[in-house]
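my_file-v1.cif (mmCIF, C-alpha atoms) appears below.
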```cif
data_model
#
loop_
_atom_site.label_atom_id
_atom_site.label_comp_id
_atom_site.auth_asym_id
_atom_site.auth_seq_id
_atom_site.Cartn_x
_atom_site.Cartn_y
_atom_site.Cartn_z
CA MET A 30 2.48 8.43 15.19
CA ASN A 31 5.58 9.76 13.42
CA LYS A 32 5.28 11.30 9.96
CA TYR A 33 8.04 11.62 7.41
CA GLN A 34 8.17 12.96 3.87
CA TYR A 35 10.54 11.48 1.29
CA LYS A 36 11.25 12.07 -2.37
CA VAL A 37 12.52 9.02 -4.24
CA GLN A 38 13.42 9.49 -7.90
CA GLY A 39 11.17 12.53 -8.08
CA VAL A 40 8.15 10.85 -6.45
CA ASP A 41 6.92 12.26 -3.13
CA TYR A 42 6.04 9.80 -0.36
CA GLU A 43 4.39 10.59 2.95
CA VAL A 44 5.22 7.86 5.46
CA GLU A 45 3.41 7.53 8.78
CA ILE A 46 4.69 5.02 11.31
CA GLU A 47 1.64 3.88 13.27
CA ASP A 48 3.14 1.19 15.46
CA VAL A 49 6.20 -0.96 15.91
CA GLU A 50 5.99 -4.25 17.75
CA GLY A 51 9.12 -6.36 17.78
CA ASN A 52 10.45 -6.29 14.23
CA ILE A 53 7.10 -5.53 12.53
CA ALA A 54 6.26 -1.89 11.76
CA LYS A 55 2.79 -0.81 10.70
CA VAL A 56 3.18 2.11 8.31
CA ASN A 57 1.06 4.08 5.87
CA VAL A 58 2.75 5.20 2.65
CA ASN A 59 0.65 7.86 0.92
CA GLY A 60 -2.36 6.51 2.83
CA ILE A 61 -1.77 2.87 1.88
CA PRO A 62 -1.19 0.58 4.88
CA PHE A 63 1.76 -1.82 4.96
CA GLU A 64 3.31 -4.14 7.49
CA VAL A 65 7.07 -3.84 7.18
CA GLU A 66 9.47 -6.42 8.56
CA LEU A 67 12.52 -4.74 10.06
CA LYS A 68 15.90 -6.46 9.94
CA GLN A 69 16.41 -5.47 13.57
CA PRO A 70 13.81 -4.37 16.15
CA ILE A 71 13.80 -0.65 16.98
CA ASN A 72 15.25 0.25 20.37
CA ALA A 73 12.27 1.34 22.48
CA ALA A 74 14.50 3.43 24.75
CA LYS A 75 15.63 5.54 21.80
CA HIS A 76 12.20 5.75 20.12
CA PRO A 77 9.51 5.50 22.82
CA THR A 78 6.87 7.31 20.73
CA ILE A 79 6.67 4.65 18.02
CA VAL A 80 7.45 1.41 19.80
CA ARG A 81 4.62 -0.28 21.63
CA PRO A 82 5.87 -1.62 24.95
CA LYS A 83 5.67 -5.35 25.55
CA VAL A 84 2.59 -6.19 27.60
CA SER A 85 1.64 -9.19 29.66
CA ALA A 86 -0.78 -11.78 28.27
CA PRO A 87 -3.97 -10.36 29.89
CA GLN A 88 -3.35 -6.98 28.25
CA ALA A 89 -2.41 -8.49 24.90
CA ALA A 90 -6.02 -9.28 23.97
CA PRO A 91 -7.17 -5.62 23.99
CA ALA A 92 -4.06 -4.71 22.00
CA ALA A 93 -5.19 -7.12 19.28
CA ALA A 94 -8.37 -5.14 18.62
CA PRO A 95 -6.55 -2.01 17.36
CA THR A 96 -4.41 -4.27 15.18
CA ALA A 97 -7.59 -5.35 13.39
CA ALA A 98 -8.44 -1.76 12.43
CA PRO A 99 -5.36 -1.14 10.23
CA ALA A 100 -5.91 -4.58 8.75
CA GLN A 101 -9.26 -3.45 7.33
CA PRO A 102 -7.73 -2.51 3.95
CA ALA A 103 -6.30 -6.02 3.84
CA ASN A 104 -9.82 -7.30 4.45
CA GLN A 105 -10.98 -5.11 1.58
CA ALA A 106 -8.23 -6.61 -0.56
CA THR A 107 -9.46 -10.05 0.42
CA ALA A 108 -13.00 -9.03 -0.46
CA GLY A 109 -11.64 -7.69 -3.76
CA ALA A 110 -9.90 -11.00 -4.36
CA VAL A 111 -13.20 -12.82 -3.84
CA ALA A 112 -14.90 -10.42 -6.26
CA GLY A 113 -12.18 -10.77 -8.89
CA ASN A 114 -8.52 -10.91 -9.83
CA ALA A 115 -6.25 -8.14 -8.56
CA VAL A 116 -4.28 -6.02 -11.01
CA LYS A 117 -1.21 -4.91 -9.06
CA ALA A 118 1.40 -2.25 -9.70
CA PRO A 119 4.48 -3.98 -11.13
CA LEU A 120 6.75 -1.18 -9.84
CA PRO A 121 6.45 2.00 -7.76
CA GLY A 122 5.26 5.08 -9.58
CA THR A 123 2.50 7.62 -10.14
CA ILE A 124 -0.87 6.89 -11.74
CA ASN A 125 -1.13 9.07 -14.86
CA ALA A 126 -4.43 7.66 -16.11
CA VAL A 127 -7.05 5.13 -15.11
CA MET A 128 -8.48 3.83 -18.37
CA VAL A 129 -11.42 1.87 -16.90
CA LYS A 130 -14.21 2.31 -14.37
CA VAL A 131 -16.29 -0.09 -12.32
CA GLY A 132 -18.61 -2.06 -14.60
CA ASP A 133 -16.41 -1.82 -17.70
CA THR A 134 -15.70 -5.05 -19.57
CA VAL A 135 -12.04 -5.72 -20.34
CA ALA A 136 -10.22 -8.32 -22.40
CA VAL A 137 -6.77 -9.76 -21.84
CA GLY A 138 -4.24 -7.19 -23.06
CA ASP A 139 -6.47 -4.12 -22.66
CA VAL A 140 -4.65 -1.14 -21.12
CA VAL A 141 -6.30 -0.48 -17.75
CA VAL A 142 -3.84 1.96 -16.10
CA VAL A 143 -0.99 4.20 -17.26
CA LEU A 144 1.74 4.24 -14.60
CA GLU A 145 4.66 6.67 -14.70
CA ALA A 146 7.85 5.25 -13.24
CA MET A 147 11.38 6.53 -13.74
CA LYS A 148 10.09 9.17 -16.18
CA MET A 149 8.57 6.52 -18.43
CA GLN A 150 4.91 5.86 -19.21
CA ASN A 151 4.03 2.21 -18.59
CA ASN A 152 0.81 0.80 -20.00
CA ILE A 153 -0.51 -1.70 -17.47
CA GLU A 154 -2.45 -4.33 -19.36
CA SER A 155 -5.11 -6.61 -18.00
CA GLU A 156 -4.02 -10.20 -17.53
CA TYR A 157 -7.67 -11.18 -17.09
CA ALA A 158 -10.88 -10.92 -19.09
CA GLY A 159 -14.02 -9.86 -17.28
CA THR A 160 -15.78 -6.94 -15.64
CA VAL A 161 -14.01 -4.33 -13.50
CA THR A 162 -15.37 -4.82 -9.96
CA ALA A 163 -13.28 -2.20 -8.13
CA VAL A 164 -10.91 0.66 -8.94
CA LYS A 165 -8.68 1.45 -5.98
CA VAL A 166 -6.49 4.24 -7.43
CA ASN A 167 -7.01 7.67 -8.95
CA GLN A 168 -4.99 9.80 -11.34
CA GLY A 169 -2.10 11.39 -9.43
CA ASP A 170 -1.88 8.66 -6.76
CA SER A 171 1.55 7.32 -5.89
CA VAL A 172 1.68 3.55 -5.61
CA MET A 173 4.25 1.08 -4.37
CA GLU A 174 5.13 -2.17 -6.10
CA GLY A 175 2.40 -4.73 -5.42
CA THR A 176 -0.33 -2.17 -4.69
CA VAL A 177 -3.72 -3.43 -5.87
CA MET A 178 -4.91 -0.90 -8.44
CA LEU A 179 -8.13 -2.61 -9.50
CA THR A 180 -9.93 -5.92 -9.55
CA ILE A 181 -11.49 -7.75 -12.47
CA GLY A 182 -14.21 -10.33 -11.93
#
```
Would you write out, as structure tokens, the structure that this file holds?
Amino acid sequence: MNKYQYKVQGVDYEVEIEDVEGNIAKVNVNGIPFEVELKQPINAAKHPTIVRPKVSAPQAAPAAAPTAAPAQPANQATAGAVAGNAVKAPLPGTINAVMVKVGDTVAVGDVVVVLEAMKMQNNIESEYAGTVTAVKVNQGDSVMEGTVMLTIG
């Protein structure tokens, strides 16, 4: 696993490349798993530590089991979707405040998270009315666009 640290517009990101198979890279950005589609596959000869070699069909089945482990957060997101509506980060930034906790009742338009992006405070308002079923971020967390911050049931 290769680890890199980046600073983008003043926000620190720790990127871990777990696996690359073909043109799909499995990465963690600040602990949040993503599958990234590469425009071109990485050359395995140049980067043997991150590219999984192609295996024959009998060996492919065991390789599928580790793939399921990083997908667990996606399963949690699916479970969160069943338990409610996801409130996602509209842009990358840093969580400055989480205004709700699990069990709180929110109305449409209530501020649920304050997200700092590009040196501006952005009030993230609920698009749903209901009860908060999960809070997936904490103050100080860096999030990417589309990260599920909480769910409302």
List the spatial neighbours of Val166 of chain A as a list of chain:residue names - criterion: any atom at most 12 Å away, only C-alpha atoms, same-chain residues fewer than 4 positions off excluded. A:Asn59, A:Gly60, A:Ile61, A:Val116, A:Lys117, A:Ala118, A:Gly122, A:Thr123, A:Ile124, A:Asn125, A:Ala126, A:Val127, A:Met128, A:Val129, A:Lys130, A:Val131, A:Val141, A:Val142, A:Val143, A:Leu144, A:Asp170, A:Ser171, A:Val172, A:Met173, A:Thr176, A:Val177, A:Met178, A:Leu179, A:Thr180
Just C-alpha atoms for this one: save the residues we selected as a compact mmCIF listing (two decimals), in the frame of the given file.
```txt
# COMPACT_ATOMS: atom_id res chain seq x y z
CA ASN A 59 0.65 7.86 0.92
CA GLY A 60 -2.36 6.51 2.83
CA ILE A 61 -1.77 2.87 1.88
CA VAL A 116 -4.28 -6.02 -11.01
CA LYS A 117 -1.21 -4.91 -9.06
CA ALA A 118 1.40 -2.25 -9.70
CA GLY A 122 5.26 5.08 -9.58
CA THR A 123 2.50 7.62 -10.14
CA ILE A 124 -0.87 6.89 -11.74
CA ASN A 125 -1.13 9.07 -14.86
CA ALA A 126 -4.43 7.66 -16.11
CA VAL A 127 -7.05 5.13 -15.11
CA MET A 128 -8.48 3.83 -18.37
CA VAL A 129 -11.42 1.87 -16.90
CA LYS A 130 -14.21 2.31 -14.37
CA VAL A 131 -16.29 -0.09 -12.32
CA VAL A 141 -6.30 -0.48 -17.75
CA VAL A 142 -3.84 1.96 -16.10
CA VAL A 143 -0.99 4.20 -17.26
CA LEU A 144 1.74 4.24 -14.60
CA ASP A 170 -1.88 8.66 -6.76
CA SER A 171 1.55 7.32 -5.89
CA VAL A 172 1.68 3.55 -5.61
CA MET A 173 4.25 1.08 -4.37
CA THR A 176 -0.33 -2.17 -4.69
CA VAL A 177 -3.72 -3.43 -5.87
CA MET A 178 -4.91 -0.90 -8.44
CA LEU A 179 -8.13 -2.61 -9.50
CA THR A 180 -9.93 -5.92 -9.55
```
Return the single residue from A:Thr162, A:Asp133, A:Asn52, A:Asn151 that is closest to Glu64 of chain A, with distances computed using all atoms listed in the file.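 Checking each candidate against Glu64 of chain A, we get A:Asn52 as the closest.
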Please indicate the distance in Å from atom CA of Gly169 of chain A to atom CA of Glu45 of chain A, rounded to one decimal place.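 Distance reported for this atom pair: 19.4 Å.
Across the model, the gap from atom CA of Tyr33 of chain A to atom CA of Val56 of chain A is 10.7 Å.
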Please enumerate the residues selected by the PyMOL selection byres ((chain A and resi 155) around 9) when evaluated against the supplied file, formatted as an MDAnalysis selection string. chainID A and resid 116 135:142 153:154 156:158 181
Requested write-out: C-alpha atoms of the selected residues, as a PDB file, keeping the file's coordinate frame:
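After the write, out_25.pdb holds the following:
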```pdb
ATOM      1  CA  VAL A 116      -4.280  -6.020 -11.010  1.00  0.00           C
ATOM      2  CA  VAL A 135     -12.040  -5.720 -20.340  1.00  0.00           C
ATOM      3  CA  ALA A 136     -10.220  -8.320 -22.400  1.00  0.00           C
ATOM      4  CA  VAL A 137      -6.770  -9.760 -21.840  1.00  0.00           C
ATOM      5  CA  GLY A 138      -4.240  -7.190 -23.060  1.00  0.00           C
ATOM      6  CA  ASP A 139      -6.470  -4.120 -22.660  1.00  0.00           C
ATOM      7  CA  VAL A 140      -4.650  -1.140 -21.120  1.00  0.00           C
ATOM      8  CA  VAL A 141      -6.300  -0.480 -17.750  1.00  0.00           C
ATOM      9  CA  VAL A 142      -3.840   1.960 -16.100  1.00  0.00           C
ATOM     10  CA  ILE A 153      -0.510  -1.700 -17.470  1.00  0.00           C
ATOM     11  CA  GLU A 154      -2.450  -4.330 -19.360  1.00  0.00           C
ATOM     12  CA  GLU A 156      -4.020 -10.200 -17.530  1.00  0.00           C
ATOM     13  CA  TYR A 157      -7.670 -11.180 -17.090  1.00  0.00           C
ATOM     14  CA  ALA A 158     -10.880 -10.920 -19.090  1.00  0.00           C
ATOM     15  CA  ILE A 181     -11.490  -7.750 -12.470  1.00  0.00           C
TER      16      ILE A 181
END
```
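The closest residue to Ile53 of chain A, picked from A:Gly182, A:Pro70, A:Gly159, A:Gly39 and counting all atoms listed in the file, is A:Pro70.
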Using all atoms listed in the file: which of A:Gly113, A:Gly51, A:Gly175, A:Pro121 has the shortest distance to Ala146 of chain A: A:Pro121
